[in-house]
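Down below is the structure, laid out as structure tokens.
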Amino acid sequence: MTARLSAALRRLADDVPPARVPEGLFDAARTRHRRRRAVVAGALAVLVLLLGTGYALHPVALPLPAGPRHETPGLPTRLVDPPLRTASVGYSAPGVAAMLFGGPAVRTNWFETRMGVVAADDDRYRVLNGDPAVAGFEAMLSPDGRYVWVGDSLLDLTSGKTTPDRPNGYPLAFAPNGKRLVYADDGTTFTPPNTYATPYVGVYDRDRGADVLRVPVGTTWVPPGRTAALSSDGGDLALQIRDEVWLTRVGDAGADRVATPYRKLPLAGGRLAGAGSWLPDGRSVAVLGRSTCTDCPVPSYRRTWTLSVRSAADGTTLAGAAFPTLRSRSFVQLLGWRSADEAVALVGVPGPEAVDSPEEHDIAWGPYHEVGTEAVELVALRRGATAPEVLFRTPEGITDLSVAADLAIRGAVRESGRPHYGPPPFWALVVGFVLAVLVIRAVLSLLRRWRGPRGLGPRPRAPR
């Protein structure tokens with residue numbers, strides 16, 4: 001670099017005005033940085049607080065509303081599919097229930113064991129996981145609607161908590177008064193190539209907190225649901241073992257609580273009619289005969305059920321006018337009796353493409369859950385009637401149902417109103433909070449970008 005060039009550059013540098021830094025520039029930048037860190041730290045703190053509080057309080061069921069909407073509880077006239085935001089039974093107890101239900105509309109790819117519950121006094125909907133279970137088979141409501149028996153858990157719907165006084169086995173039936181429970185021992189044994197056996201079936205008394213009867217089986221697998229019934233006083237057990245109904249008295253049990261059947265009724269391909277099979281007098285039991293029909297409502301499903309009453313004393317069929325036949329019905333579950341001539345039952349309605357398959361008393365496909373059922377009807381069966389009276393039918397997508405038998409037998413029905421689904425579940429609160437934080441941050445960023453260019457303008461040059 002020459003001397004003349006160096007001198008020219010120095011003179012040029014001397015003519016450039018000194019840079020002016022706005023007053024408080026560094027303080028403002030430091031303040032914005034601290035504020036941003038404070039906002040992020042506060043959001044994280046609130047999120048952690050919500051997570052901690054949610055996990056701490058989640059096992060505690062929220063109290064029920066102050067009072068019922070209906071003075072007289074009853075079965076609702078309409079069922080709806082509970083949305084994902086519906087609170088769980090353990091988080092917000094629904095109270096005494098009218099119905100427990102499930103099906104494709106209730107289950108999703110993320111919640112494959114999901115079931116719905118609706119209260120008896122209002123349209124309060126709650127959900128629970130069955131792990132896995134089908135409503136009306138492995139999961140059932142007690143006759144008064146207070147309890148749900150799912151697997152080896154007995155859930156109190158008024159508190160949302162599991163009760164400690166429950167049998168150690170999977171459910172078969174409640175007694176009509178709900179105080180005794182029939183269960184099957186879950187220590188199933190396997191004999192090659194494909195034979196299973198249930199060791200015993202027990203009757204558990206909740207007042208005593210112990211079994212009052214055990215019936216050794218050991219010859220076949222006893223599937224859950226619809227294979228056992230207790231008389232109204234809880235003293236007699238009817239149990240289906242393959243193609244027979246075993247009748248056993250609790251009073252015949254010895255000190256080891258074991259008793260053998262005093263009578264075995266042949267079924268000839270039929271079935272025990274369900275948990276309400278014993279008539280009110282306790283001297284006779286209802287069974288179902290199975291046959292085929294020619295003019296079936298579902299041509300591909302030619303199954304027909306016929307209800308009859310057998311004497312517990314000698315096994316003979318009692319005389320009387322016939323009950324209406326149930327054509328193209330996948331299953332029948334008797335809930336109880338309004339009189340000796342009128343019964344209330346749940347029946348499965350097969351879809352138009354369902355095919356009637358032979359019944360297999362096997363653990364792989366038991367007779368307790370029929371493939372192809374698209375709806376469930378609550379019906380009244382009266383002697384001498386030409387057809388059953390349909391009292392209720394589940395909507396599309398709800399294919400599994402268990403109802404409070406006391407309400408169904410009394411015919412207690414209430415008009416459905418606007419459904420409500422309880423407080424938002426904890427995961428919904430977390431998602432909402434995270435979304436709110438993201439939106440607030442995006443809005444603040446846009447505001448800063450909008451205000452930044454307006455605050456900038458041509459800066460005046462210093463006088464030379």
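The chains in the structure tokens are called A, B, ... from first to last as shown; in each chain the residues are counted from 1, and the ligands are counted from 1 in the order shown.
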Per residue of segment 364-455 of chain A within 8 Å of segment 145-160 of chain A, record the nearest atom pair and its distance in Å to one decimal, counting only C-alpha atoms, with rows in chain order and ascending residue number, as a tab-separated table.
```
residue	atom	partner	partner_atom	distance
A:Val403	CA	A:Gly145	CA	7.5
A:Ala404	CA	A:Gly145	CA	4.8
A:Ala405	CA	A:Gly145	CA	7.8
```
Residues from the last selection, N, CA and C atoms, saved as a CSV table (one decimal), in the first residue's frame:
```csv
chain,number,residue,atom,x,y,z
A,403,VAL,N,-77.5,-55.3,31.1
A,403,VAL,CA,-78.4,-54.3,31.7
A,403,VAL,C,-78.6,-54.7,33.2
A,404,ALA,N,-79.1,-53.7,34.0
A,404,ALA,CA,-79.5,-53.9,35.3
A,404,ALA,C,-80.8,-54.7,35.3
A,405,ALA,N,-80.7,-55.9,35.8
A,405,ALA,CA,-81.9,-56.8,35.6
A,405,ALA,C,-83.1,-56.3,36.4
```
**Request:** Quick one: everything within 7 Å of segment 114-121 of chain A, counting only C-alpha atoms, minus sequence neighbours fewer than 2 positions away in the same chain. Send it as a count of residues only.
**Result:** 29
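Closest to Val371 of chain A among A:Pro223, A:Gly411, A:Gly348, A:Gly384 is A:Gly348, based on only C-alpha atoms.
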**Prompt:** Between A:Leu265, A:Ala175, A:Ala387, A:Val203, which is the closest to Asp233 of chain A once you count only C-alpha atoms?
**Reply:** A:Ala175
**Message:** Taking 3 positions as the minimum chain separation for residues in the same chain, which residues sit within 6 Å of Arg214 of chain A when counting only C-alpha atoms? Answer as a ChimeraX atom specification.
**Reply:** /A:201-202,257-258
Now that the selection is made, can you save its residues with all heavy atoms as a PDB file, in the first residue's frame?
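Heads up, here's the output in out26.pdb:
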```pdb
ATOM      1  N   VAL A 201     -66.411 -74.848  39.949  1.00  0.00           N
ATOM      2  CA  VAL A 201     -67.223 -73.634  39.936  1.00  0.00           C
ATOM      3  C   VAL A 201     -67.638 -73.350  41.372  1.00  0.00           C
ATOM      4  O   VAL A 201     -68.093 -74.256  42.083  1.00  0.00           O
ATOM      5  CB  VAL A 201     -68.450 -73.791  39.028  1.00  0.00           C
ATOM      6  CG1 VAL A 201     -69.425 -72.633  39.233  1.00  0.00           C
ATOM      7  CG2 VAL A 201     -68.023 -73.871  37.572  1.00  0.00           C
ATOM      8  N   GLY A 202     -67.474 -72.098  41.799  1.00  0.00           N
ATOM      9  CA  GLY A 202     -67.766 -71.741  43.181  1.00  0.00           C
ATOM     10  C   GLY A 202     -68.878 -70.716  43.290  1.00  0.00           C
ATOM     11  O   GLY A 202     -69.180 -69.975  42.346  1.00  0.00           O
ATOM     12  N   ARG A 257     -66.954 -77.228  51.825  1.00  0.00           N
ATOM     13  CA  ARG A 257     -67.784 -76.431  50.904  1.00  0.00           C
ATOM     14  C   ARG A 257     -68.031 -77.121  49.566  1.00  0.00           C
ATOM     15  O   ARG A 257     -68.487 -76.500  48.614  1.00  0.00           O
ATOM     16  CB  ARG A 257     -67.167 -75.049  50.663  1.00  0.00           C
ATOM     17  CG  ARG A 257     -67.079 -74.190  51.909  1.00  0.00           C
ATOM     18  CD  ARG A 257     -66.088 -73.077  51.707  1.00  0.00           C
ATOM     19  NE  ARG A 257     -64.732 -73.605  51.599  1.00  0.00           N
ATOM     20  CZ  ARG A 257     -63.666 -72.862  51.335  1.00  0.00           C
ATOM     21  NH1 ARG A 257     -63.798 -71.578  51.130  1.00  0.00           N
ATOM     22  NH2 ARG A 257     -62.469 -73.429  51.264  1.00  0.00           N
ATOM     23  N   VAL A 258     -67.719 -78.386  49.464  1.00  0.00           N
ATOM     24  CA  VAL A 258     -67.883 -79.127  48.222  1.00  0.00           C
ATOM     25  C   VAL A 258     -69.197 -79.911  48.263  1.00  0.00           C
ATOM     26  O   VAL A 258     -69.555 -80.508  49.286  1.00  0.00           O
ATOM     27  CB  VAL A 258     -66.697 -80.086  47.993  1.00  0.00           C
ATOM     28  CG1 VAL A 258     -66.938 -80.964  46.764  1.00  0.00           C
ATOM     29  CG2 VAL A 258     -65.414 -79.292  47.828  1.00  0.00           C
TER      30      VAL A 258
END
```
